[in-house]
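Okay, data.pdb now, which holds PDB, C-alpha atoms:
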```pdb
MODEL        1
ATOM      1  CA  LEU A   1      -0.067 -27.791 -12.065
ATOM      2  CA  ILE A   2       2.574 -26.234 -14.310
ATOM      3  CA  PHE A   3       1.561 -23.680 -16.895
ATOM      4  CA  VAL A   4       3.510 -23.197 -20.077
ATOM      5  CA  THR A   5       6.118 -20.570 -20.852
ATOM      6  CA  LEU A   6       6.791 -19.225 -24.324
ATOM      7  CA  ILE A   7      10.241 -20.192 -25.541
ATOM      8  CA  GLY A   8      10.850 -17.378 -28.022
ATOM      9  CA  MET A   9      12.635 -14.680 -26.075
ATOM     10  CA  THR A  10      12.299 -12.079 -28.833
ATOM     11  CA  ALA A  11       8.553 -12.247 -28.259
ATOM     12  CA  ALA A  12       9.251 -10.033 -25.251
ATOM     13  CA  LEU A  13      10.458  -7.238 -27.511
ATOM     14  CA  PRO A  14       7.713  -4.635 -27.930
ATOM     15  CA  ARG A  15       6.657  -3.578 -31.368
ATOM     16  CA  ALA A  16       7.672  -0.001 -30.615
ATOM     17  CA  VAL A  17      11.411  -0.746 -30.614
ATOM     18  CA  ALA A  18      11.790  -2.316 -34.040
ATOM     19  CA  GLN A  19      14.421   0.242 -35.042
ATOM     20  CA  GLN A  20      18.083  -0.513 -34.392
ATOM     21  CA  ASP A  21      18.681   1.747 -31.406
ATOM     22  CA  PRO A  22      21.361   1.003 -28.789
ATOM     23  CA  ALA A  23      18.869  -0.265 -26.209
ATOM     24  CA  THR A  24      17.429  -2.749 -28.694
ATOM     25  CA  ASN A  25      20.827  -3.916 -29.899
ATOM     26  CA  ASP A  26      22.106  -4.408 -26.354
ATOM     27  CA  LEU A  27      18.981  -6.342 -25.396
ATOM     28  CA  LYS A  28      19.192  -8.577 -28.462
ATOM     29  CA  ALA A  29      22.756  -9.448 -27.482
ATOM     30  CA  LEU A  30      21.605 -10.432 -23.989
ATOM     31  CA  VAL A  31      18.718 -12.461 -25.386
ATOM     32  CA  ASP A  32      21.020 -14.296 -27.790
ATOM     33  CA  ARG A  33      23.348 -15.233 -24.932
ATOM     34  CA  GLN A  34      20.352 -16.321 -22.887
ATOM     35  CA  ARG A  35      19.075 -18.609 -25.636
ATOM     36  CA  THR A  36      22.501 -20.146 -26.163
ATOM     37  CA  LEU A  37      23.131 -20.816 -22.486
ATOM     38  CA  LEU A  38      19.684 -22.250 -21.806
ATOM     39  CA  ALA A  39      19.907 -24.458 -24.890
ATOM     40  CA  LYS A  40      23.290 -25.703 -23.722
ATOM     41  CA  ALA A  41      21.896 -26.447 -20.269
ATOM     42  CA  ALA A  42      18.913 -28.272 -21.751
ATOM     43  CA  ALA A  43      21.193 -30.412 -23.881
ATOM     44  CA  ALA A  44      23.483 -31.338 -20.987
ATOM     45  CA  THR A  45      23.576 -35.053 -20.306
ATOM     46  CA  GLU A  46      25.834 -34.964 -17.260
ATOM     47  CA  ALA A  47      25.740 -32.892 -14.084
ATOM     48  CA  SER A  48      29.174 -31.455 -14.826
ATOM     49  CA  GLU A  49      27.960 -30.102 -18.180
ATOM     50  CA  ALA A  50      24.992 -28.379 -16.534
ATOM     51  CA  GLU A  51      27.283 -26.968 -13.862
ATOM     52  CA  ASP A  52      29.501 -25.403 -16.524
ATOM     53  CA  VAL A  53      26.587 -23.179 -17.518
ATOM     54  CA  ARG A  54      25.987 -21.745 -14.055
ATOM     55  CA  ALA A  55      28.856 -19.258 -14.034
ATOM     56  CA  PRO A  56      27.987 -17.784 -17.472
ATOM     57  CA  LEU A  57      24.343 -17.555 -16.384
ATOM     58  CA  GLN A  58      25.367 -15.645 -13.271
ATOM     59  CA  ARG A  59      27.379 -13.222 -15.423
ATOM     60  CA  LEU A  60      24.307 -12.809 -17.605
ATOM     61  CA  VAL A  61      22.254 -11.936 -14.520
ATOM     62  CA  PHE A  62      24.761  -9.217 -13.630
ATOM     63  CA  ASP A  63      24.675  -7.907 -17.199
ATOM     64  CA  TYR A  64      20.875  -7.724 -17.110
ATOM     65  CA  GLU A  65      21.100  -5.701 -13.895
ATOM     66  CA  ASP A  66      23.496  -3.312 -15.629
ATOM     67  CA  TYR A  67      21.179  -3.117 -18.628
ATOM     68  CA  LEU A  68      18.181  -2.106 -16.497
ATOM     69  CA  LYS A  69      20.256   0.565 -14.772
ATOM     70  CA  LYS A  70      21.267   1.929 -18.167
ATOM     71  CA  TYR A  71      17.814   1.599 -19.755
ATOM     72  CA  PRO A  72      15.265   1.733 -16.891
ATOM     73  CA  ASP A  73      12.296   2.457 -19.142
ATOM     74  CA  VAL A  74      12.574  -0.428 -21.632
ATOM     75  CA  ALA A  75       9.743  -2.836 -20.874
ATOM     76  CA  ALA A  76      11.264  -5.622 -22.962
ATOM     77  CA  GLY A  77      14.382  -5.576 -20.795
ATOM     78  CA  TYR A  78      12.367  -6.362 -17.683
ATOM     79  CA  ALA A  79      10.386  -9.025 -19.537
ATOM     80  CA  SER A  80      13.423 -10.829 -20.916
ATOM     81  CA  TYR A  81      15.248 -10.686 -17.596
ATOM     82  CA  ALA A  82      12.142 -12.079 -15.889
ATOM     83  CA  MET A  83      12.143 -15.015 -18.297
ATOM     84  CA  LEU A  84      15.709 -15.776 -17.273
ATOM     85  CA  LEU A  85      15.057 -15.532 -13.535
ATOM     86  CA  GLY A  86      11.988 -17.732 -13.867
ATOM     87  CA  ASN A  87      13.994 -20.538 -15.442
ATOM     88  CA  PRO A  88      14.423 -23.541 -13.085
ATOM     89  CA  LEU A  89      18.204 -23.164 -13.279
ATOM     90  CA  ILE A  90      17.885 -19.862 -11.415
ATOM     91  CA  ASP A  91      14.366 -20.172  -9.966
ATOM     92  CA  GLU A  92      13.805 -16.668  -8.628
ATOM     93  CA  ARG A  93      10.106 -16.621  -9.378
ATOM     94  CA  ARG A  94       9.133 -13.796  -7.032
ATOM     95  CA  ARG A  95      11.815 -11.512  -8.412
ATOM     96  CA  ALA A  96      10.737 -12.497 -11.915
ATOM     97  CA  ALA A  97       7.119 -11.624 -11.110
ATOM     98  CA  ALA A  98       8.162  -8.192  -9.830
ATOM     99  CA  LEU A  99      10.040  -7.550 -13.071
ATOM    100  CA  LEU A 100       7.012  -8.633 -15.105
ATOM    101  CA  LEU A 101       4.794  -6.220 -13.201
ATOM    102  CA  ARG A 102       7.253  -3.420 -13.944
ATOM    103  CA  ALA A 103       7.268  -4.392 -17.633
ATOM    104  CA  ASN A 104       3.474  -4.355 -17.625
ATOM    105  CA  GLN A 105       3.476  -0.864 -16.120
ATOM    106  CA  LEU A 106       5.808   0.408 -18.830
ATOM    107  CA  ASP A 107       3.992  -1.304 -21.699
ATOM    108  CA  ALA A 108       0.574  -2.848 -21.160
ATOM    109  CA  ASP A 109       0.481  -4.350 -24.665
ATOM    110  CA  ILE A 110       3.040  -7.182 -24.447
ATOM    111  CA  PRO A 111       1.092 -10.471 -24.521
ATOM    112  CA  LEU A 112       4.054 -12.539 -23.312
ATOM    113  CA  VAL A 113       4.147 -10.462 -20.119
ATOM    114  CA  LYS A 114       0.428 -11.018 -19.553
ATOM    115  CA  ASN A 115       0.879 -14.754 -20.054
ATOM    116  CA  GLN A 116       3.797 -14.978 -17.647
ATOM    117  CA  LEU A 117       1.961 -13.030 -14.953
ATOM    118  CA  GLY A 118      -0.962 -15.393 -15.433
ATOM    119  CA  ASN A 119       1.416 -18.336 -15.019
ATOM    120  CA  TYR A 120       2.817 -16.948 -11.806
ATOM    121  CA  LEU A 121      -0.577 -16.223 -10.257
ATOM    122  CA  ALA A 122      -1.981 -19.602 -11.299
ATOM    123  CA  GLU A 123       0.956 -21.444  -9.746
ATOM    124  CA  GLU A 124       0.586 -19.316  -6.615
ATOM    125  CA  GLY A 125      -3.000 -20.533  -6.241
ATOM    126  CA  ARG A 126      -4.653 -17.282  -7.375
ATOM    127  CA  PRO A 127      -6.674 -18.406 -10.397
ATOM    128  CA  LEU A 128      -9.241 -15.607 -10.254
ATOM    129  CA  GLU A 129      -6.451 -13.086 -10.815
ATOM    130  CA  ALA A 130      -4.582 -15.277 -13.288
ATOM    131  CA  ILE A 131      -7.540 -15.605 -15.657
ATOM    132  CA  ASN A 132      -7.606 -11.865 -16.308
ATOM    133  CA  TYR A 133      -3.999 -11.888 -17.491
ATOM    134  CA  PHE A 134      -4.560 -14.908 -19.726
ATOM    135  CA  LEU A 135      -7.637 -13.263 -21.243
ATOM    136  CA  ALA A 136      -5.648 -10.075 -21.815
ATOM    137  CA  ALA A 137      -2.961 -12.086 -23.603
ATOM    138  CA  THR A 138      -5.539 -13.566 -25.990
ATOM    139  CA  ARG A 139      -6.980 -10.126 -26.715
ATOM    140  CA  LEU A 140      -3.527  -8.807 -27.594
ATOM    141  CA  GLU A 141      -2.514 -11.851 -29.642
ATOM    142  CA  PRO A 142      -5.655 -13.845 -30.498
ATOM    143  CA  ASN A 143      -3.842 -16.213 -32.871
ATOM    144  CA  GLU A 144      -1.395 -17.555 -30.289
ATOM    145  CA  PRO A 145      -2.725 -21.040 -29.380
ATOM    146  CA  LEU A 146      -0.801 -21.227 -26.107
ATOM    147  CA  TYR A 147      -2.790 -18.406 -24.551
ATOM    148  CA  HIS A 148      -6.090 -20.127 -25.278
ATOM    149  CA  PHE A 149      -4.697 -23.393 -23.964
ATOM    150  CA  GLN A 150      -3.713 -21.658 -20.719
ATOM    151  CA  ILE A 151      -7.272 -20.438 -20.227
ATOM    152  CA  GLY A 152      -8.740 -23.894 -20.762
ATOM    153  CA  THR A 153      -6.195 -25.457 -18.423
ATOM    154  CA  LEU A 154      -6.860 -22.910 -15.682
ATOM    155  CA  LEU A 155     -10.654 -23.179 -15.908
ATOM    156  CA  SER A 156     -10.413 -26.953 -15.711
ATOM    157  CA  ALA A 157      -7.870 -27.126 -12.882
ATOM    158  CA  ALA A 158      -9.409 -24.402 -10.707
ATOM    159  CA  ARG A 159     -13.066 -25.061 -11.501
ATOM    160  CA  ASP A 160     -14.142 -25.057  -7.844
ATOM    161  CA  ASP A 161     -12.482 -21.689  -7.188
ATOM    162  CA  PHE A 162     -14.303 -20.078 -10.080
ATOM    163  CA  LEU A 163     -17.666 -21.532  -9.072
ATOM    164  CA  LYS A 164     -17.232 -20.513  -5.417
ATOM    165  CA  SER A 165     -16.528 -16.933  -6.485
ATOM    166  CA  GLY A 166     -20.130 -16.587  -7.649
ATOM    167  CA  ASP A 167     -19.016 -14.892 -10.855
ATOM    168  CA  TRP A 168     -19.219 -18.076 -12.925
ATOM    169  CA  THR A 169     -21.954 -20.620 -13.484
ATOM    170  CA  ARG A 170     -21.025 -24.192 -14.309
ATOM    171  CA  GLU A 171     -22.549 -23.784 -17.763
ATOM    172  CA  ALA A 172     -20.544 -20.619 -18.500
ATOM    173  CA  LEU A 173     -17.358 -22.178 -17.187
ATOM    174  CA  ASP A 174     -17.794 -25.337 -19.241
ATOM    175  CA  HIS A 175     -18.498 -23.316 -22.367
ATOM    176  CA  ALA A 176     -15.433 -21.087 -21.876
ATOM    177  CA  MET A 177     -13.196 -24.063 -21.108
ATOM    178  CA  ILE A 178     -14.188 -26.149 -24.123
ATOM    179  CA  ASP A 179     -14.037 -23.099 -26.393
ATOM    180  CA  ALA A 180     -10.508 -22.274 -25.187
ATOM    181  CA  PHE A 181      -9.235 -25.786 -25.870
ATOM    182  CA  ARG A 182     -11.018 -25.778 -29.243
ATOM    183  CA  GLN A 183      -9.344 -22.540 -30.304
ATOM    184  CA  ALA A 184      -5.932 -23.787 -29.194
ATOM    185  CA  ALA A 185      -6.341 -26.967 -31.233
ATOM    186  CA  GLU A 186      -7.638 -25.134 -34.305
ATOM    187  CA  LEU A 187      -4.854 -22.545 -34.208
ATOM    188  CA  SER A 188      -2.227 -25.278 -33.950
ATOM    189  CA  PRO A 189      -3.680 -28.188 -35.968
ATOM    190  CA  ASP A 190      -0.466 -30.240 -35.892
ATOM    191  CA  ASN A 191      -0.140 -30.076 -32.112
ATOM    192  CA  VAL A 192      -1.228 -33.487 -30.847
ATOM    193  CA  PRO A 193      -1.298 -32.576 -27.117
ATOM    194  CA  TYR A 194      -3.631 -29.642 -27.844
ATOM    195  CA  ALA A 195      -5.946 -31.828 -29.916
ATOM    196  CA  TYR A 196      -5.908 -34.586 -27.296
ATOM    197  CA  ARG A 197      -6.692 -32.163 -24.453
ATOM    198  CA  HIS A 198      -9.550 -30.696 -26.469
ATOM    199  CA  CYS A 199     -11.049 -34.159 -26.857
ATOM    200  CA  GLU A 200     -10.393 -35.041 -23.231
ATOM    201  CA  ALA A 201     -12.085 -31.859 -22.031
ATOM    202  CA  TYR A 202     -15.492 -33.220 -22.999
ATOM    203  CA  TYR A 203     -15.194 -35.647 -20.076
ATOM    204  CA  ASP A 204     -14.863 -32.598 -17.803
ATOM    205  CA  LEU A 205     -18.211 -31.145 -18.826
ATOM    206  CA  ASP A 206     -21.127 -31.231 -16.409
ATOM    207  CA  THR A 207     -23.371 -32.283 -19.295
TER
ENDMDL
END
```
Translate this structure into structure tokens?
Amino acid sequence: LIFVTLIGMTAALPRAVAQQDPATNDLKALVDRQRTLLAKAAAATEASEAEDVRAPLQRLVFDYEDYLKKYPDVAAGYASYAMLLGNPLIDERRRAAALLLRANQLDADIPLVKNQLGNYLAEEGRPLEAINYFLAATRLEPNEPLYHFQIGTLLSAARDDFLKSGDWTREALDHAMIDAFRQAAELSPDNVPYAYRHCEAYYDLDT
């Protein structure tokens, strides 16, 4: 089961660094390069075109390492770098998770970081830990439909794990799941997959 990643890299930038300081400017430059390279890779129609992106991506990795050495206390730097390492083109998920944890230590109020940690734990088969990060993401940014969708998806996919834990009843789980899908669909009314999954979720209910 694959959980969803937010595409907007600037979402990783914390609210506290809105001013144009050097750390913010340098990070924006890295993020812009990251977007461009990943978009180019996604648009590649031949293997040779995708291969052309690998060397610039590797240089970007080195530049992120230099950035973190220069600005070791900028949470958004760790978050954005983690998004790059977690991309399938690089696929260093464990390293990405470590960077996300560091970002979370530096700034516990970045919802994107919470969501990505939830993704990692869910895909590692640790749903009881993942749910807490997804819930934290919705508390920080309650109007982001993706975060609600993640909760519904996790509760549906890992239902047995939650019930075995003894912390959830089937009734409570069903209510939380259907409510999560409902909120996702209502917050993004033009999103057909969200609306369809909300409808489909009624077949998952015990009653």
Evaluate the PyMOL selection byres ((chain A and resi 129) around 12) on the structure here and hand back the selected residues as a count of residues only. 27
From CA of Lys40 (chain A) to CA of Val74 (chain A) the spacing works out at 27.5 Å
Identify, on the basis of only C-alpha atoms, every residue whose closest approach to Leu106 (chain A) does not exceed 10 Å; exclude the query and any residue fewer than 6 positions from it along the same chain; express the result as a tab-separated table (two decimals) with C-alpha atoms, in the frame of the given file.
```tsv
chain	number	residue	atom	x	y	z
A	72	PRO	CA	15.26	1.73	-16.89
A	73	ASP	CA	12.30	2.46	-19.14
A	74	VAL	CA	12.57	-0.43	-21.63
A	75	ALA	CA	9.74	-2.84	-20.87
A	76	ALA	CA	11.26	-5.62	-22.96
A	78	TYR	CA	12.37	-6.36	-17.68
A	100	LEU	CA	7.01	-8.63	-15.10
```
If you apply the PyMOL selection byres ((chain A and resi 93) around 12) to this file, what residues do you get, as a ChimeraX atom specification? /A:81-92,94-100,116-117,119-121,123-124
Given the selection you just returned, output its residues as a file containing C-alpha atoms, formatted as a PDB file, in the coordinates of the input.
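Now in again-v1.pdb:
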```
ATOM      1  CA  TYR A  81      15.248 -10.686 -17.596  1.00  0.00           C
ATOM      2  CA  ALA A  82      12.142 -12.079 -15.889  1.00  0.00           C
ATOM      3  CA  MET A  83      12.143 -15.015 -18.297  1.00  0.00           C
ATOM      4  CA  LEU A  84      15.709 -15.776 -17.273  1.00  0.00           C
ATOM      5  CA  LEU A  85      15.057 -15.532 -13.535  1.00  0.00           C
ATOM      6  CA  GLY A  86      11.988 -17.732 -13.867  1.00  0.00           C
ATOM      7  CA  ASN A  87      13.994 -20.538 -15.442  1.00  0.00           C
ATOM      8  CA  PRO A  88      14.423 -23.541 -13.085  1.00  0.00           C
ATOM      9  CA  LEU A  89      18.204 -23.164 -13.279  1.00  0.00           C
ATOM     10  CA  ILE A  90      17.885 -19.862 -11.415  1.00  0.00           C
ATOM     11  CA  ASP A  91      14.366 -20.172  -9.966  1.00  0.00           C
ATOM     12  CA  GLU A  92      13.805 -16.668  -8.628  1.00  0.00           C
ATOM     13  CA  ARG A  94       9.133 -13.796  -7.032  1.00  0.00           C
ATOM     14  CA  ARG A  95      11.815 -11.512  -8.412  1.00  0.00           C
ATOM     15  CA  ALA A  96      10.737 -12.497 -11.915  1.00  0.00           C
ATOM     16  CA  ALA A  97       7.119 -11.624 -11.110  1.00  0.00           C
ATOM     17  CA  ALA A  98       8.162  -8.192  -9.830  1.00  0.00           C
ATOM     18  CA  LEU A  99      10.040  -7.550 -13.071  1.00  0.00           C
ATOM     19  CA  LEU A 100       7.012  -8.633 -15.105  1.00  0.00           C
ATOM     20  CA  GLN A 116       3.797 -14.978 -17.647  1.00  0.00           C
ATOM     21  CA  LEU A 117       1.961 -13.030 -14.953  1.00  0.00           C
ATOM     22  CA  ASN A 119       1.416 -18.336 -15.019  1.00  0.00           C
ATOM     23  CA  TYR A 120       2.817 -16.948 -11.806  1.00  0.00           C
ATOM     24  CA  LEU A 121      -0.577 -16.223 -10.257  1.00  0.00           C
ATOM     25  CA  GLU A 123       0.956 -21.444  -9.746  1.00  0.00           C
ATOM     26  CA  GLU A 124       0.586 -19.316  -6.615  1.00  0.00           C
TER      27      GLU A 124
END
```
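The nearest approach to Asp206 (chain A) among the residues A:Ala43, A:Val192, A:Leu187, A:Leu173, with all atoms listed in the file taken into account, belongs to A:Leu173.
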Separation of CA of Asn191 (chain A) from CA of Asp204 (chain A), in Å and rounded to one decimal: 20.7 Å
Could you state which residues are captured by the PyMOL selection byres ((chain A and resi 156) around 12) in this file, as a ChimeraX atom specification? /A:1,127,131,149-155,157-163,170,173-181,197-198,200-206
Could you work out an axis-aligned bounding box for all listed atoms of region 191-200 of chain A, with 6 Å added on each of the six sides, and give its centre and edge lengths in Å to one decimal, as lines of an AutoDock Vina configuration file?
```
center_x = -5.6
center_y = -32.3
center_z = -27.7
size_x = 22.9
size_y = 17.4
size_z = 20.9
```
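Counting from CA of Asp109 (chain A), the distance to CA of Leu27 (chain A) is 18.6 Å.
When all atoms listed in the file are used to compute distances to Lys28 (chain A), the closest of the residues A:Pro56, A:Pro111, A:Gly166, A:Gly77 turns out to be A:Gly77.
The shortest atom-to-atom distance to Tyr71 (chain A), with only C-alpha atoms taken into account, belongs to A:Asn25 out of A:Gln34, A:Gln58, A:Asn25, A:Thr138.
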So which residues touch Leu60 (chain A) within 12 Å, counting all atoms listed in the file, skipping near sequence neighbours fewer than 4 positions away, as a PyMOL selection string? chain A and resi 27+29-38+53-56+64-67+80-81+84-85+90
Could you extract region 104-115 of chain A of the given structure into a file holding all heavy atoms, as a PDB file, in the first residue's frame?
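The file below, selection_10.pdb, is the result:
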```
ATOM      1  N   ASN A 104      11.569  17.290  12.548  1.00  0.00           N
ATOM      2  CA  ASN A 104      10.496  17.297  13.542  1.00  0.00           C
ATOM      3  C   ASN A 104      11.009  17.723  14.910  1.00  0.00           C
ATOM      4  O   ASN A 104      10.289  18.361  15.685  1.00  0.00           O
ATOM      5  CB  ASN A 104       9.861  15.911  13.620  1.00  0.00           C
ATOM      6  CG  ASN A 104       8.520  15.926  14.321  1.00  0.00           C
ATOM      7  OD1 ASN A 104       7.638  16.708  13.971  1.00  0.00           O
ATOM      8  ND2 ASN A 104       8.361  15.066  15.318  1.00  0.00           N
ATOM      9  N   GLN A 105      12.263  17.376  15.212  1.00  0.00           N
ATOM     10  CA  GLN A 105      12.866  17.814  16.469  1.00  0.00           C
ATOM     11  C   GLN A 105      13.075  19.321  16.478  1.00  0.00           C
ATOM     12  O   GLN A 105      12.865  19.979  17.503  1.00  0.00           O
ATOM     13  CB  GLN A 105      14.205  17.104  16.680  1.00  0.00           C
ATOM     14  CG  GLN A 105      14.098  15.618  16.984  1.00  0.00           C
ATOM     15  CD  GLN A 105      15.462  14.945  17.039  1.00  0.00           C
ATOM     16  OE1 GLN A 105      16.451  15.495  16.565  1.00  0.00           O
ATOM     17  NE2 GLN A 105      15.506  13.752  17.611  1.00  0.00           N
ATOM     18  N   LEU A 106      13.483  19.859  15.337  1.00  0.00           N
ATOM     19  CA  LEU A 106      13.765  21.293  15.251  1.00  0.00           C
ATOM     20  C   LEU A 106      12.499  22.126  15.204  1.00  0.00           C
ATOM     21  O   LEU A 106      12.459  23.245  15.717  1.00  0.00           O
ATOM     22  CB  LEU A 106      14.615  21.580  14.006  1.00  0.00           C
ATOM     23  CG  LEU A 106      16.049  21.058  14.047  1.00  0.00           C
ATOM     24  CD1 LEU A 106      16.689  21.149  12.665  1.00  0.00           C
ATOM     25  CD2 LEU A 106      16.878  21.830  15.069  1.00  0.00           C
ATOM     26  N   ASP A 107      11.462  21.604  14.562  1.00  0.00           N
ATOM     27  CA  ASP A 107      10.195  22.323  14.443  1.00  0.00           C
ATOM     28  C   ASP A 107       9.068  21.301  14.401  1.00  0.00           C
ATOM     29  O   ASP A 107       8.877  20.617  13.406  1.00  0.00           O
ATOM     30  CB  ASP A 107      10.187  23.173  13.167  1.00  0.00           C
ATOM     31  CG  ASP A 107       8.957  24.065  13.067  1.00  0.00           C
ATOM     32  OD1 ASP A 107       7.984  23.833  13.807  1.00  0.00           O
ATOM     33  OD2 ASP A 107       8.964  25.000  12.241  1.00  0.00           O
ATOM     34  N   ALA A 108       8.335  21.218  15.497  1.00  0.00           N
ATOM     35  CA  ALA A 108       7.275  20.213  15.615  1.00  0.00           C
ATOM     36  C   ALA A 108       5.970  20.655  14.979  1.00  0.00           C
ATOM     37  O   ALA A 108       4.957  19.961  15.110  1.00  0.00           O
ATOM     38  CB  ALA A 108       7.033  19.885  17.088  1.00  0.00           C
ATOM     39  N   ASP A 109       5.969  21.777  14.263  1.00  0.00           N
ATOM     40  CA  ASP A 109       4.731  22.321  13.709  1.00  0.00           C
ATOM     41  C   ASP A 109       4.723  22.371  12.184  1.00  0.00           C
ATOM     42  O   ASP A 109       4.075  23.235  11.588  1.00  0.00           O
ATOM     43  CB  ASP A 109       4.482  23.730  14.263  1.00  0.00           C
ATOM     44  CG  ASP A 109       4.209  23.723  15.758  1.00  0.00           C
ATOM     45  OD1 ASP A 109       3.603  22.743  16.240  1.00  0.00           O
ATOM     46  OD2 ASP A 109       4.605  24.676  16.443  1.00  0.00           O
ATOM     47  N   ILE A 110       5.425  21.453  11.530  1.00  0.00           N
ATOM     48  CA  ILE A 110       5.404  21.382  10.064  1.00  0.00           C
ATOM     49  C   ILE A 110       4.541  20.185   9.672  1.00  0.00           C
ATOM     50  O   ILE A 110       4.963  19.031   9.814  1.00  0.00           O
ATOM     51  CB  ILE A 110       6.815  21.230   9.474  1.00  0.00           C
ATOM     52  CG1 ILE A 110       7.733  22.347   9.963  1.00  0.00           C
ATOM     53  CG2 ILE A 110       6.751  21.251   7.944  1.00  0.00           C
ATOM     54  CD1 ILE A 110       9.159  22.239   9.457  1.00  0.00           C
ATOM     55  N   PRO A 111       3.330  20.401   9.176  1.00  0.00           N
ATOM     56  CA  PRO A 111       2.439  19.281   8.874  1.00  0.00           C
ATOM     57  C   PRO A 111       2.980  18.339   7.805  1.00  0.00           C
ATOM     58  O   PRO A 111       2.747  17.131   7.879  1.00  0.00           O
ATOM     59  CB  PRO A 111       1.147  19.964   8.409  1.00  0.00           C
ATOM     60  CG  PRO A 111       1.531  21.363   8.063  1.00  0.00           C
ATOM     61  CD  PRO A 111       2.681  21.711   8.940  1.00  0.00           C
ATOM     62  N   LEU A 112       3.692  18.874   6.818  1.00  0.00           N
ATOM     63  CA  LEU A 112       4.262  18.015   5.779  1.00  0.00           C
ATOM     64  C   LEU A 112       5.199  16.975   6.384  1.00  0.00           C
ATOM     65  O   LEU A 112       5.215  15.819   5.961  1.00  0.00           O
ATOM     66  CB  LEU A 112       4.994  18.851   4.732  1.00  0.00           C
ATOM     67  CG  LEU A 112       5.690  18.079   3.613  1.00  0.00           C
ATOM     68  CD1 LEU A 112       5.507  18.789   2.282  1.00  0.00           C
ATOM     69  CD2 LEU A 112       7.180  17.925   3.915  1.00  0.00           C
ATOM     70  N   VAL A 113       5.981  17.382   7.372  1.00  0.00           N
ATOM     71  CA  VAL A 113       6.911  16.454   8.028  1.00  0.00           C
ATOM     72  C   VAL A 113       6.135  15.359   8.746  1.00  0.00           C
ATOM     73  O   VAL A 113       6.490  14.172   8.672  1.00  0.00           O
ATOM     74  CB  VAL A 113       7.828  17.213   9.005  1.00  0.00           C
ATOM     75  CG1 VAL A 113       8.627  16.238   9.868  1.00  0.00           C
ATOM     76  CG2 VAL A 113       8.785  18.125   8.232  1.00  0.00           C
ATOM     77  N   LYS A 114       5.071  15.735   9.441  1.00  0.00           N
ATOM     78  CA  LYS A 114       4.239  14.739  10.121  1.00  0.00           C
ATOM     79  C   LYS A 114       3.673  13.739   9.114  1.00  0.00           C
ATOM     80  O   LYS A 114       3.679  12.520   9.341  1.00  0.00           O
ATOM     81  CB  LYS A 114       3.078  15.420  10.855  1.00  0.00           C
ATOM     82  CG  LYS A 114       3.471  16.492  11.837  1.00  0.00           C
ATOM     83  CD  LYS A 114       4.149  15.944  13.064  1.00  0.00           C
ATOM     84  CE  LYS A 114       4.299  17.053  14.116  1.00  0.00           C
ATOM     85  NZ  LYS A 114       5.090  16.609  15.291  1.00  0.00           N
ATOM     86  N   ASN A 115       3.177  14.258   7.996  1.00  0.00           N
ATOM     87  CA  ASN A 115       2.597  13.390   6.975  1.00  0.00           C
ATOM     88  C   ASN A 115       3.628  12.417   6.416  1.00  0.00           C
ATOM     89  O   ASN A 115       3.353  11.226   6.247  1.00  0.00           O
ATOM     90  CB  ASN A 115       2.020  14.240   5.841  1.00  0.00           C
ATOM     91  CG  ASN A 115       1.430  13.406   4.726  1.00  0.00           C
ATOM     92  OD1 ASN A 115       0.390  12.773   4.895  1.00  0.00           O
ATOM     93  ND2 ASN A 115       2.088  13.375   3.574  1.00  0.00           N
TER      94      ASN A 115
END
```
